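Each remark here refers to the structure printed beneath this line.
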Amino acid sequence: MLDKHADYIAVYGSKKDDYEYTLSEYLRMSGIYWGLTVMDLMGQLHRMNRNEIVEFIKSCQHESGGISASIGHDPHLLYTLSAVQILCLYDCMDALDVDRVVEYVKGLQQEDGSFAGDKWGEIDTRFSFCAVATLALLGKMDAINVDKAIEFVLSCMNFDGGFGCRPGSESHAGQIYCCTGFLSLTGQLHQVNADLLGWWLCERQLPSGGLNGRPEKLPDVCYSWWVLASLKIIGKIHWIDKGKLRAFILACQDEETGGFADRPGDMVDPFHTLFGVAGLSLLGDEQVKAVNPVLCMPEDVLQRRGLQPDVLS
Amino acid sequence: MHNSFTKLHGRVKVKTTAQQEEEKKKEREKKLKIYVAARDACFAKRKEGIKDEEALELTQQLLSSNPDFATLWNQRREILMHLETIKDEDEMQKIYESELHFLESCLKVNPKSYGSWFHRGWVSARLPRPNWVRELSLCDRCLSLDDRNFHCWDYRRMVVKMSGVPVEKELEFTDRLIGSNFSNYSSWHYRSTLLPLLHPESPDPKSSGDPPSSQAHSHRVCEEQLLKEYELVQNAFFTDPNDQSAWFYYRWLLGRADREEMISCVYVSRDEERVVVGFSRPVNVNVFILFVEVILECLAVVLLFSIVLLGTIQWSTNVNVLVFRSELSVEKTSVLQSELQSCNQLQELEPLNKWCLLTIILLMRALDPLRYEKETLAHFETLKEVDPMRSAYYSDLCSKFMIENTILKMEYAEVRVFSISDKNLTTLCHLDQLVLVTHINLSSNQLHRLPLQFAMLQCLEVLEADSNLIENLEGLYHLPNLEEVLLRNNNLQPLASCPKLKHLDLRGNPVTLSDGIEAEIKALLPSVTKLLL
């Protein structure tokens with residue numbers, strides 16, 4: 001099946017005139033990151049057009065230093081991180097003006113330590129993660145006020161040990177992934193109540209084996225990744241039934257076309273394909289490369305950059 | 001990175017014929033042309049700096065079908081800000097009102113678009129005469145359609161903050177939502193943020209048990225309100241005992257404030273040139289090193305006198321009192337007793353309800369961990385049977401409680417032998433409480449490893465850990481006084497290095513099968529005189 005998944009991704013990127021493909025232009029940079037990362041995990045990165053992609057990234061860097069999803073779109077932290085992640089995969093960070101990327105990230109930090117996604121000021125713990133992940137990959141964490149950034153993320157911790165978008169927001173597996181990842185990169189995992197949060201996270205597993213992102217919601221391959229990665233980060237991955245989760249993820253494959261869907265029987269897409277394969281990797285599948293739970297990138301790529309984010313044991 | 005990718009969720013794959021496929025393809029090509037033309041027109045306007053009503057019209061077309069196209073919202077904001085410079089207040093009021101109208105239609109189609117909700121907040125804040133009452137009722141309507149929409153909840157919190165809605169009103173709002181549907185995690189969550197604001201825990205240390213701290217205050221609720229809250233939650237879980245929302249909330253209500261960060265134990269040894277410091281909460285290593293420096297200064301004087309006599313200094317707080325009420329709060333025993341009775345009643349009706357069983361265990365521990373030990377163990381067994389997917393969680397939790405009980409049973413903190421064999425332990429914790437132990441017996445458990453925290457056992461001379469599943473000895477690397485290690489029947493591969501190790505029993509491990517193992521061990525551990533392979 002791995003070959004089929006690789007074919008699916010390789011073909012997906014070549015259908016540039018497709019209507020659906022065009023509709024998702026606003027997130028293209030992340031789309032490329034998802035596709036390339038899953039290809040790298042499957043040992044197939046060479047099948048993608050490196051030169052074209054690197055040139056594309058260069059043309060998406062703006063005056064401000066930030067990077068946009070595509071040409072003609074505005075820069076944003078989401079796509080700045082994706083671009084930096086892609087250049088790590090290709091080991092060619094010099095394609096970007098790195099100092100300006102750092103300036104861009106730094107400029108988005110607010111007085112309370114939080115980060116805006118772009119100059120329009122939307123605040124979200126996702127952007128705190130994007131900021132420190134970008135800087136960690138660039139080796140420039142000291143550019144921002146890390147203490148303040150930590151203070152803000154901790155102010156988003158809830159009664160259940162989880163985290164939400166902003167102070168007072170409900171816990172959500174995607175945000176928990178961002179916040180535990182953030183605390184790993186900033187060396188603050190001891191601030192997490194691992195027993196309480198781990199209980200909430202392992203209760204996300206449903207009878208189907210799949211994981212949901214919040215209580216009383218449906219299971220989904222991408223939430224399976226966020227919950228699983230968070231559990232790995234806080235040292236409690238053994239609290240779920242790995243065999244059942246693996247079976248759920250495998251059931252989300254499309255055996256005809258390759259690729260993974262959110263749930264069995266649904267349409268596949270590159271986003272769920274990455275998180276399906278990355279999930280299998282965290283579960284110990286030896287057919288794919290080891291994935292890092294914090295940055296969702298192959299471990300060998302991070303080793304090359306000398307980066308080893310903390311995880312609790 | 002995850003972002004607004006909601007459109008890719010829940011699209012069922014349907015089989016189509018070749019003809020249908022061809023028709024669809026044509027249809028898509030047509031749609032693509034229209035879409036690309038509109039997008040290019042928007043981008044062209046922007047490039048030329050044209051900020052007119054036509055540009056608003058064009059971006060509106062695209063956003064109504066694709067509200068995640070963030071750059072177009074940015075373009076609209078630029079246009080609106082430009083219009084502010086050329087229109088008067090009434091005109092702007094109208095323009096912004098129609099923007100809100102447009103947004104409402106977007107939210108109807110896609111109620112989970114980050115871009116639409118953020119733009120609504122932006123517009124509401126710029127409106128010359130904002131109408132927060134209308135915004136609040138929009139939230140009411142939206143939450144009546146989906147009471148878990150976190151975008152809407154977050155928007156509501158912003159509206160509440162901007163317009164100064166009193167906390168009581170919002171608490172009443174959650175009363176209403178919970179009254180109509182107990183299974184509403186979002187509402188319970190909201191209550192957890194509102195209650196401590198409205199009914200903060202009393203600052204009187206007598207009623208709260210612990211010395212007051214700013215952190216405890218901001219997250220805890222006063223006892224009188226807690227009693228009312230227990231009643232509400234019990235209504236919820238008696239109505240639907242399988243609804244996890246109420247149970248999560250209940251565990252929080254019963255919980256206590258975080259323990260304050262403090263030093264629980266200091267051990268200084270001149271012979272080994274070591275200082276061991278135990279903390280009541282996990283600390284950052286950098287902070288830890290700083291602490292050690294401070295402590296060394298404070299202890300300098302004491303050391304001058306004592307080292308001469310003893311060689312070591314030990315100091316620890318009375319562990320039994322401080323540590324193991326950890327899970328639940330210190331309300332009057334009578335309250336916990338009656339909570340336990342309610343849960344026991346429910347358990348009689350629903351003997352296999354895992355939420356109820358777990359809560360009973362926690363209540364029993366808060367009341368009297370030793371008296372209820374047998375029942376607790378039995379409940380854990382049932383839990384593992386009825387909820388096998390989480391059996392590892394229950395095993396770890398049970399291990400923690402068994403270790404706590406064993407420590408509680410040690411009559412004095414000075415007891416040097418810690419024995420906890422054959423208890424199905426899957427994890428080790430509270431090792432910081434065992435700094436003075438010289439002999440530990442962990443035999444016949446399910447331990448996979450001796451964790452790094454084992455380094456806390458600085459006085460340890462004898463380790464018995466036969467018949468576990470131990471794979472490596474990383475936890476033993478820093479134990480200077482270790483003399484005997486018994487590790488029969490484990491899963492060992494590599495070897496550790498301990499300078500004083502004399503007696504090593506490794507029978508029944510895969511490592512003993514490898515060639516030249518005896519010579520290798522002797523080279524690694526020269527002081528071993530009794531080696532059993």
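Following the order of the structure tokens, first chain is A, next is B, and so on, with residues numbered from 1 inside each chain and ligands from 1 in the order they appear.
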
Should the cut-off be 6 Å, what would the residue list for chain A against chain B look like, counting only C-alpha atoms, as a PyMOL selection string?
chain A and resi 19+26+73-74+190+239-241+266-267

Take the residues from that selection and write them out as a JSON list (two decimals), in the first residue's frame, keeping N, CA and C atoms.
[["chain", "number", "residue", "atom", "x", "y", "z"],
["A", 19, "TYR", "N", -10.12, 21.91, -10.03],
["A", 19, "TYR", "CA", -10.93, 22.90, -9.31],
["A", 19, "TYR", "C", -10.68, 22.84, -7.80],
["A", 26, "TYR", "N", -5.31, 28.74, -0.78],
["A", 26, "TYR", "CA", -5.06, 29.56, 0.41],
["A", 26, "TYR", "C", -4.24, 28.84, 1.48],
["A", 73, "HIS", "N", -0.97, 35.72, -2.16],
["A", 73, "HIS", "CA", -1.61, 35.67, -0.84],
["A", 73, "HIS", "C", -0.74, 36.41, 0.18],
["A", 74, "ASP", "N", -1.33, 36.67, 1.36],
["A", 74, "ASP", "CA", -0.61, 37.43, 2.38],
["A", 74, "ASP", "C", 0.18, 36.49, 3.30],
["A", 190, "HIS", "N", 7.50, 20.18, 32.43],
["A", 190, "HIS", "CA", 7.19, 19.88, 33.83],
["A", 190, "HIS", "C", 5.98, 20.67, 34.32],
["A", 239, "TRP", "N", -0.98, 4.55, 27.27],
["A", 239, "TRP", "CA", -2.32, 4.56, 27.88],
["A", 239, "TRP", "C", -3.44, 4.32, 26.87],
["A", 240, "ILE", "N", -3.15, 4.30, 25.58],
["A", 240, "ILE", "CA", -4.20, 3.92, 24.63],
["A", 240, "ILE", "C", -3.92, 2.52, 24.10],
["A", 241, "ASP", "N", -4.94, 1.95, 23.44],
["A", 241, "ASP", "CA", -4.79, 0.63, 22.84],
["A", 241, "ASP", "C", -4.20, 0.83, 21.45],
["A", 266, "ASP", "N", -14.51, 7.61, 3.61],
["A", 266, "ASP", "CA", -14.57, 9.00, 3.14],
["A", 266, "ASP", "C", -13.48, 9.26, 2.09],
["A", 267, "MET", "N", -13.55, 10.47, 1.51],
["A", 267, "MET", "CA", -12.58, 10.87, 0.49],
["A", 267, "MET", "C", -11.19, 11.10, 1.10]]

Selection near Val98 of chain A, 10 Å with only C-alpha atoms, sequence-local residues under 5 positions removed, as a PyMOL selection string
chain A and resi 65-66+84+93+103-104+135+138+140

Kindly export the residues of the current selection with all heavy atoms, as a short mmCIF file (atom, residue, chain, number, x, y, z; two decimals), in the first residue's frame.
data_model
loop_
_atom_site.label_atom_id
_atom_site.label_comp_id
_atom_site.auth_asym_id
_atom_site.auth_seq_id
_atom_site.Cartn_x
_atom_site.Cartn_y
_atom_site.Cartn_z
N GLY A 65 9.29 39.57 5.63
CA GLY A 65 10.02 38.37 6.04
C GLY A 65 9.10 37.17 6.14
O GLY A 65 9.56 36.03 6.08
N GLY A 66 7.80 37.41 6.31
CA GLY A 66 6.83 36.33 6.42
C GLY A 66 6.60 35.64 5.09
O GLY A 66 6.92 36.19 4.03
N VAL A 84 9.46 26.81 6.36
CA VAL A 84 10.71 26.49 7.05
C VAL A 84 10.83 24.97 7.21
O VAL A 84 11.92 24.39 7.05
CB VAL A 84 10.76 27.22 8.42
CG1 VAL A 84 11.86 26.67 9.30
CG2 VAL A 84 10.94 28.72 8.20
N MET A 93 18.11 25.77 3.89
CA MET A 93 17.52 26.93 4.54
C MET A 93 17.96 28.24 3.90
O MET A 93 17.27 29.26 4.01
CB MET A 93 17.90 26.90 6.03
CG MET A 93 16.96 27.67 6.93
SD MET A 93 15.27 27.16 6.71
CE MET A 93 15.25 25.73 7.73
N GLU A 103 12.79 38.16 12.17
CA GLU A 103 12.20 39.47 12.47
C GLU A 103 10.68 39.42 12.39
O GLU A 103 9.97 40.02 13.21
CB GLU A 103 12.73 40.53 11.49
CG GLU A 103 14.09 41.09 11.86
CD GLU A 103 14.16 41.56 13.31
OE1 GLU A 103 13.36 42.42 13.71
OE2 GLU A 103 15.01 41.02 14.06
N TYR A 104 10.18 38.73 11.37
CA TYR A 104 8.72 38.62 11.17
C TYR A 104 8.08 37.95 12.38
O TYR A 104 7.10 38.46 12.95
CB TYR A 104 8.43 37.81 9.91
CG TYR A 104 6.96 37.61 9.62
CD1 TYR A 104 6.15 38.65 9.19
CD2 TYR A 104 6.37 36.35 9.79
CE1 TYR A 104 4.80 38.46 8.92
CE2 TYR A 104 5.02 36.14 9.52
CZ TYR A 104 4.24 37.20 9.10
OH TYR A 104 2.90 37.01 8.84
N LEU A 135 11.26 29.19 15.02
CA LEU A 135 12.53 29.67 15.58
C LEU A 135 13.42 28.51 16.02
O LEU A 135 14.64 28.58 15.87
CB LEU A 135 12.26 30.62 16.74
CG LEU A 135 11.55 31.92 16.36
CD1 LEU A 135 11.32 32.79 17.59
CD2 LEU A 135 12.34 32.70 15.31
N LEU A 138 15.14 27.20 13.12
CA LEU A 138 16.16 28.14 12.64
C LEU A 138 17.27 28.35 13.68
O LEU A 138 18.23 29.08 13.42
CB LEU A 138 15.52 29.49 12.31
CG LEU A 138 14.48 29.48 11.18
CD1 LEU A 138 13.83 30.85 11.04
CD2 LEU A 138 15.13 29.07 9.87
N LYS A 140 16.95 30.03 16.50
CA LYS A 140 16.93 31.43 16.91
C LYS A 140 15.89 31.70 18.01
O LYS A 140 15.25 32.74 18.03
CB LYS A 140 16.57 32.32 15.71
CG LYS A 140 17.50 32.19 14.54
CD LYS A 140 18.70 33.08 14.72
CE LYS A 140 19.53 33.02 13.44
NZ LYS A 140 20.76 33.76 13.53
#

Find the residue from B:Asn181, B:Ala41, B:Leu482, B:Cys459 that sits nearest to Glu54 of chain B; use only C-alpha atoms when measuring.
B:Ala41

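On the backbone of this structure, DSSP gives strand (DSSP E or B) within segment 56-268 of chain A to Gln61, Ile67, Ser68, Pro75, Gln109, Phe115, Ala116, Ile123, Met157, Phe163, Gln205, Leu211, Gln253, Phe260, Ala261, Asp266 and Val268 of chain A.
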
Residues as selected, all heavy atoms, written as a compact mmCIF listing (two decimals), in the first residue's frame, can you do that?
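And here's part.txt as it stands now:
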# COMPACT_ATOMS: atom_id res chain seq x y z
N GLN A 61 8.12 34.56 -0.11
CA GLN A 61 8.59 35.37 1.02
C GLN A 61 8.33 36.85 0.71
O GLN A 61 8.62 37.33 -0.39
CB GLN A 61 10.08 35.14 1.32
CG GLN A 61 10.50 35.86 2.61
CD GLN A 61 11.89 35.50 3.12
OE1 GLN A 61 12.75 35.09 2.35
NE2 GLN A 61 12.11 35.65 4.42
N ILE A 67 6.01 34.44 5.18
CA ILE A 67 5.79 33.65 3.97
C ILE A 67 4.30 33.37 3.83
O ILE A 67 3.60 33.13 4.81
CB ILE A 67 6.61 32.34 4.06
CG1 ILE A 67 8.10 32.70 4.00
CG2 ILE A 67 6.26 31.40 2.92
CD1 ILE A 67 8.97 31.88 4.88
N SER A 68 3.85 33.44 2.57
CA SER A 68 2.42 33.24 2.32
C SER A 68 2.16 31.83 1.81
O SER A 68 3.09 31.12 1.41
CB SER A 68 1.93 34.26 1.30
OG SER A 68 2.71 34.19 0.12
N PRO A 75 1.30 36.97 3.83
CA PRO A 75 2.11 36.12 4.72
C PRO A 75 1.39 35.82 6.03
O PRO A 75 0.53 36.60 6.47
CB PRO A 75 3.36 36.96 4.98
CG PRO A 75 2.93 38.36 4.77
CD PRO A 75 1.89 38.32 3.69
N GLN A 109 4.89 38.91 18.20
CA GLN A 109 4.65 38.65 19.63
C GLN A 109 4.00 39.87 20.27
O GLN A 109 4.40 41.01 20.04
CB GLN A 109 5.95 38.30 20.36
CG GLN A 109 5.66 37.81 21.80
CD GLN A 109 6.87 37.23 22.51
OE1 GLN A 109 8.01 37.56 22.19
NE2 GLN A 109 6.62 36.35 23.48
N PHE A 115 1.07 35.21 20.43
CA PHE A 115 1.45 35.54 19.06
C PHE A 115 0.22 35.74 18.20
O PHE A 115 -0.73 34.97 18.27
CB PHE A 115 2.32 34.43 18.45
CG PHE A 115 3.74 34.50 18.93
CD1 PHE A 115 4.09 33.90 20.13
CD2 PHE A 115 4.71 35.17 18.20
CE1 PHE A 115 5.41 33.98 20.59
CE2 PHE A 115 6.01 35.26 18.66
CZ PHE A 115 6.36 34.67 19.86
N ALA A 116 0.26 36.81 17.37
CA ALA A 116 -0.76 36.99 16.35
C ALA A 116 -0.33 36.15 15.15
O ALA A 116 0.86 35.96 14.90
CB ALA A 116 -0.86 38.45 15.97
N ILE A 123 -5.31 36.02 17.64
CA ILE A 123 -4.47 35.38 18.65
C ILE A 123 -4.91 33.94 18.84
O ILE A 123 -6.11 33.65 18.88
CB ILE A 123 -4.61 36.11 20.01
CG1 ILE A 123 -4.26 37.59 19.88
CG2 ILE A 123 -3.76 35.43 21.09
CD1 ILE A 123 -2.83 37.87 19.50
N MET A 157 -4.32 26.92 30.07
CA MET A 157 -4.53 25.57 30.62
C MET A 157 -5.88 25.52 31.33
O MET A 157 -6.25 26.45 32.02
CB MET A 157 -3.40 25.22 31.59
CG MET A 157 -3.28 23.73 31.87
SD MET A 157 -2.18 23.38 33.26
CE MET A 157 -0.58 23.41 32.46
N PHE A 163 -5.61 22.32 26.89
CA PHE A 163 -5.41 23.70 26.47
C PHE A 163 -6.39 24.07 25.37
O PHE A 163 -6.80 23.22 24.59
CB PHE A 163 -3.98 23.89 25.92
CG PHE A 163 -2.90 23.64 26.92
CD1 PHE A 163 -2.45 22.34 27.17
CD2 PHE A 163 -2.31 24.69 27.62
CE1 PHE A 163 -1.44 22.09 28.08
CE2 PHE A 163 -1.30 24.45 28.54
CZ PHE A 163 -0.86 23.15 28.77
N GLN A 205 -10.03 7.77 22.97
CA GLN A 205 -10.13 6.57 22.14
C GLN A 205 -11.53 5.98 22.22
O GLN A 205 -12.05 5.75 23.30
CB GLN A 205 -9.08 5.53 22.54
CG GLN A 205 -9.02 4.37 21.56
CD GLN A 205 -7.76 3.55 21.66
OE1 GLN A 205 -7.22 3.37 22.74
NE2 GLN A 205 -7.28 3.04 20.53
N LEU A 211 -9.47 7.95 17.49
CA LEU A 211 -9.50 8.95 18.56
C LEU A 211 -10.27 10.17 18.09
O LEU A 211 -10.20 10.56 16.93
CB LEU A 211 -8.08 9.37 18.94
CG LEU A 211 -7.03 8.28 19.19
CD1 LEU A 211 -5.72 8.91 19.62
CD2 LEU A 211 -7.49 7.30 20.24
N GLN A 253 -7.47 3.96 4.93
CA GLN A 253 -6.78 3.99 3.63
C GLN A 253 -7.79 3.75 2.51
O GLN A 253 -8.73 3.00 2.68
CB GLN A 253 -5.77 2.84 3.54
CG GLN A 253 -4.70 2.83 4.56
CD GLN A 253 -3.80 1.61 4.38
OE1 GLN A 253 -2.73 1.71 3.85
NE2 GLN A 253 -4.29 0.47 4.83
N PHE A 260 -5.14 8.51 2.65
CA PHE A 260 -5.97 8.25 3.82
C PHE A 260 -7.08 9.30 3.91
O PHE A 260 -6.88 10.45 3.53
CB PHE A 260 -5.14 8.34 5.11
CG PHE A 260 -4.17 7.22 5.31
CD1 PHE A 260 -3.01 7.14 4.53
CD2 PHE A 260 -4.39 6.25 6.29
CE1 PHE A 260 -2.10 6.12 4.72
CE2 PHE A 260 -3.47 5.22 6.48
CZ PHE A 260 -2.33 5.15 5.70
N ALA A 261 -8.23 8.87 4.46
CA ALA A 261 -9.34 9.78 4.71
C ALA A 261 -9.48 10.03 6.20
O ALA A 261 -8.76 9.43 7.00
CB ALA A 261 -10.63 9.18 4.15
N ASP A 266 -14.51 7.61 3.61
CA ASP A 266 -14.57 9.00 3.14
C ASP A 266 -13.48 9.26 2.09
O ASP A 266 -12.63 8.42 1.83
CB ASP A 266 -14.40 9.97 4.33
CG ASP A 266 -15.69 10.10 5.14
OD1 ASP A 266 -16.70 9.47 4.75
OD2 ASP A 266 -15.69 10.83 6.15
N VAL A 268 -10.16 10.68 0.38
CA VAL A 268 -8.80 10.87 0.89
C VAL A 268 -8.29 12.28 0.56
O VAL A 268 -8.84 12.96 -0.31
CB VAL A 268 -7.83 9.83 0.28
CG1 VAL A 268 -8.25 8.44 0.68
CG2 VAL A 268 -7.73 9.99 -1.23

Residues at most 12 Å from Leu473 of chain B, counting only C-alpha atoms, excluding those fewer than 3 positions away in the same chain, as a ChimeraX atom specification?
/B:447-455,463,465,469-470,476-479,485-487,490-498

Report as a list in words all protein, DNA and RNA residues lying within 10 Å of Asn49 of chain A, evaluated on only C-alpha atoms, omitting residues in the same chain fewer than 3 positions from it.
Ala10, Gly13, Ser14, Leu36, Leu45, His46, Glu52, Ile53 and Val54 of chain A

Restricting it to N, CA, C and O atoms, dump the selection as a PDB file, in the first residue's frame.
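Result saved to result_36.pdb:
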ATOM      1  N   ALA A  10       2.236  11.955  -5.224  1.00  0.00           N
ATOM      2  CA  ALA A  10       2.989  12.435  -6.384  1.00  0.00           C
ATOM      3  C   ALA A  10       2.041  13.005  -7.437  1.00  0.00           C
ATOM      4  O   ALA A  10       2.299  14.066  -8.021  1.00  0.00           O
ATOM      5  N   GLY A  13       0.055  16.569  -6.525  1.00  0.00           N
ATOM      6  CA  GLY A  13       0.748  17.830  -6.762  1.00  0.00           C
ATOM      7  C   GLY A  13       0.818  18.217  -8.237  1.00  0.00           C
ATOM      8  O   GLY A  13       1.141  19.362  -8.553  1.00  0.00           O
ATOM      9  N   SER A  14       0.513  17.262  -9.121  1.00  0.00           N
ATOM     10  CA  SER A  14       0.626  17.600 -10.544  1.00  0.00           C
ATOM     11  C   SER A  14      -0.703  18.039 -11.160  1.00  0.00           C
ATOM     12  O   SER A  14      -0.764  18.450 -12.300  1.00  0.00           O
ATOM     13  N   LEU A  36       5.162  16.558   1.223  1.00  0.00           N
ATOM     14  CA  LEU A  36       6.594  16.235   1.253  1.00  0.00           C
ATOM     15  C   LEU A  36       6.956  15.433   2.496  1.00  0.00           C
ATOM     16  O   LEU A  36       7.768  14.510   2.437  1.00  0.00           O
ATOM     17  N   LEU A  45      10.895  10.993  -0.983  1.00  0.00           N
ATOM     18  CA  LEU A  45      10.980  12.445  -1.193  1.00  0.00           C
ATOM     19  C   LEU A  45      11.539  12.800  -2.577  1.00  0.00           C
ATOM     20  O   LEU A  45      11.154  13.804  -3.169  1.00  0.00           O
ATOM     21  N   HIS A  46      12.425  11.950  -3.074  1.00  0.00           N
ATOM     22  CA  HIS A  46      13.069  12.238  -4.369  1.00  0.00           C
ATOM     23  C   HIS A  46      12.080  12.338  -5.526  1.00  0.00           C
ATOM     24  O   HIS A  46      12.411  12.866  -6.572  1.00  0.00           O
ATOM     25  N   GLU A  52      11.473  23.185  -8.257  1.00  0.00           N
ATOM     26  CA  GLU A  52      10.231  23.939  -8.428  1.00  0.00           C
ATOM     27  C   GLU A  52       9.698  24.414  -7.073  1.00  0.00           C
ATOM     28  O   GLU A  52       9.298  25.564  -6.913  1.00  0.00           O
ATOM     29  N   ILE A  53       9.755  23.512  -6.087  1.00  0.00           N
ATOM     30  CA  ILE A  53       9.209  23.836  -4.762  1.00  0.00           C
ATOM     31  C   ILE A  53      10.049  24.912  -4.067  1.00  0.00           C
ATOM     32  O   ILE A  53       9.514  25.871  -3.503  1.00  0.00           O
ATOM     33  N   VAL A  54      11.351  24.774  -4.135  1.00  0.00           N
ATOM     34  CA  VAL A  54      12.221  25.765  -3.477  1.00  0.00           C
ATOM     35  C   VAL A  54      12.037  27.141  -4.134  1.00  0.00           C
ATOM     36  O   VAL A  54      11.936  28.164  -3.434  1.00  0.00           O
TER      37      VAL A  54
END

Work out how far atom CA of Asn212 of chain A is from atom CA of Ile178 of chain B, in Å to one decimal.
22.1 Å

Contacts of Met141 of chain A within 10 Å, only C-alpha atoms, excl. fewer than 5 positions in-chain, as an MDAnalysis selection string
chainID A and resid 102 106 131:136 146 185:186

Using all heavy atoms, can you export the residues from the last selection as an mmCIF file, in the first residue's frame?
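Final output, saved to selection20.cif:
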data_model
loop_
_atom_site.group_PDB
_atom_site.id
_atom_site.type_symbol
_atom_site.label_atom_id
_atom_site.label_comp_id
_atom_site.auth_asym_id
_atom_site.auth_seq_id
_atom_site.Cartn_x
_atom_site.Cartn_y
_atom_site.Cartn_z
ATOM 1 N N VAL A 102 13.029 35.622 11.025
ATOM 2 C CA VAL A 102 13.114 35.778 12.476
ATOM 3 C C VAL A 102 12.498 37.118 12.895
ATOM 4 O O VAL A 102 11.715 37.173 13.858
ATOM 5 C CB VAL A 102 14.591 35.677 12.948
ATOM 6 C CG1 VAL A 102 14.701 35.997 14.426
ATOM 7 C CG2 VAL A 102 15.144 34.291 12.652
ATOM 8 N N LYS A 106 9.274 37.536 15.391
ATOM 9 C CA LYS A 106 9.466 38.380 16.571
ATOM 10 C C LYS A 106 8.430 39.513 16.618
ATOM 11 O O LYS A 106 7.870 39.822 17.674
ATOM 12 C CB LYS A 106 10.885 38.946 16.495
ATOM 13 C CG LYS A 106 11.330 39.701 17.697
ATOM 14 C CD LYS A 106 12.754 40.215 17.489
ATOM 15 C CE LYS A 106 13.081 41.224 18.578
ATOM 16 N NZ LYS A 106 14.412 41.808 18.355
ATOM 17 N N ALA A 131 5.312 29.938 16.067
ATOM 18 C CA ALA A 131 6.419 30.863 16.296
ATOM 19 C C ALA A 131 7.631 30.119 16.861
ATOM 20 O O ALA A 131 8.732 30.209 16.304
ATOM 21 C CB ALA A 131 5.982 31.975 17.245
ATOM 22 N N VAL A 132 7.439 29.358 17.937
ATOM 23 C CA VAL A 132 8.610 28.708 18.549
ATOM 24 C C VAL A 132 9.115 27.555 17.693
ATOM 25 O O VAL A 132 10.327 27.291 17.659
ATOM 26 C CB VAL A 132 8.362 28.232 20.010
ATOM 27 C CG1 VAL A 132 8.013 29.383 20.915
ATOM 28 C CG2 VAL A 132 7.315 27.156 20.076
ATOM 29 N N ALA A 133 8.221 26.888 16.958
ATOM 30 C CA ALA A 133 8.678 25.798 16.084
ATOM 31 C C ALA A 133 9.550 26.373 14.966
ATOM 32 O O ALA A 133 10.616 25.843 14.649
ATOM 33 C CB ALA A 133 7.490 25.037 15.503
ATOM 34 N N THR A 134 9.098 27.494 14.383
ATOM 35 C CA THR A 134 9.878 28.138 13.332
ATOM 36 C C THR A 134 11.251 28.533 13.867
ATOM 37 O O THR A 134 12.283 28.230 13.261
ATOM 38 C CB THR A 134 9.143 29.403 12.824
ATOM 39 O OG1 THR A 134 7.854 29.009 12.359
ATOM 40 C CG2 THR A 134 9.903 30.075 11.698
ATOM 41 N N LEU A 135 11.257 29.190 15.020
ATOM 42 C CA LEU A 135 12.525 29.668 15.577
ATOM 43 C C LEU A 135 13.421 28.512 16.018
ATOM 44 O O LEU A 135 14.643 28.580 15.871
ATOM 45 C CB LEU A 135 12.264 30.621 16.744
ATOM 46 C CG LEU A 135 11.553 31.925 16.359
ATOM 47 C CD1 LEU A 135 11.320 32.791 17.592
ATOM 48 C CD2 LEU A 135 12.340 32.701 15.308
ATOM 49 N N ALA A 136 12.820 27.450 16.543
ATOM 50 C CA ALA A 136 13.626 26.295 16.954
ATOM 51 C C ALA A 136 14.322 25.689 15.739
ATOM 52 O O ALA A 136 15.506 25.358 15.784
ATOM 53 C CB ALA A 136 12.753 25.252 17.649
ATOM 54 N N VAL A 146 10.784 34.485 25.502
ATOM 55 C CA VAL A 146 10.304 33.117 25.720
ATOM 56 C C VAL A 146 9.504 33.015 27.025
ATOM 57 O O VAL A 146 8.464 32.361 27.077
ATOM 58 C CB VAL A 146 11.488 32.115 25.720
ATOM 59 C CG1 VAL A 146 11.001 30.703 26.006
ATOM 60 C CG2 VAL A 146 12.205 32.148 24.380
ATOM 61 N N LEU A 185 9.354 22.448 23.240
ATOM 62 C CA LEU A 185 10.396 23.247 22.572
ATOM 63 C C LEU A 185 10.968 24.316 23.497
ATOM 64 O O LEU A 185 12.104 24.751 23.317
ATOM 65 C CB LEU A 185 9.821 23.904 21.313
ATOM 66 C CG LEU A 185 9.467 22.940 20.177
ATOM 67 C CD1 LEU A 185 8.641 23.633 19.101
ATOM 68 C CD2 LEU A 185 10.729 22.337 19.567
ATOM 69 N N THR A 186 10.175 24.727 24.497
ATOM 70 C CA THR A 186 10.661 25.755 25.425
ATOM 71 C C THR A 186 11.133 25.143 26.750
ATOM 72 O O THR A 186 11.409 25.869 27.701
ATOM 73 C CB THR A 186 9.553 26.801 25.718
ATOM 74 O OG1 THR A 186 8.372 26.113 26.145
ATOM 75 C CG2 THR A 186 9.220 27.617 24.475
#

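Considering only C-alpha atoms, the residue among A:Cys130, A:Cys156, A:Ile233, A:Leu87 positioned nearest to Thr180 of chain A is A:Ile233.
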
Exercise: Arg263 of chain A partners within 8 Å, only C-alpha atoms, chain neighbours under 3 positions left out, as a ChimeraX atom specification:
/A:219-221,251-252,266 /B:10
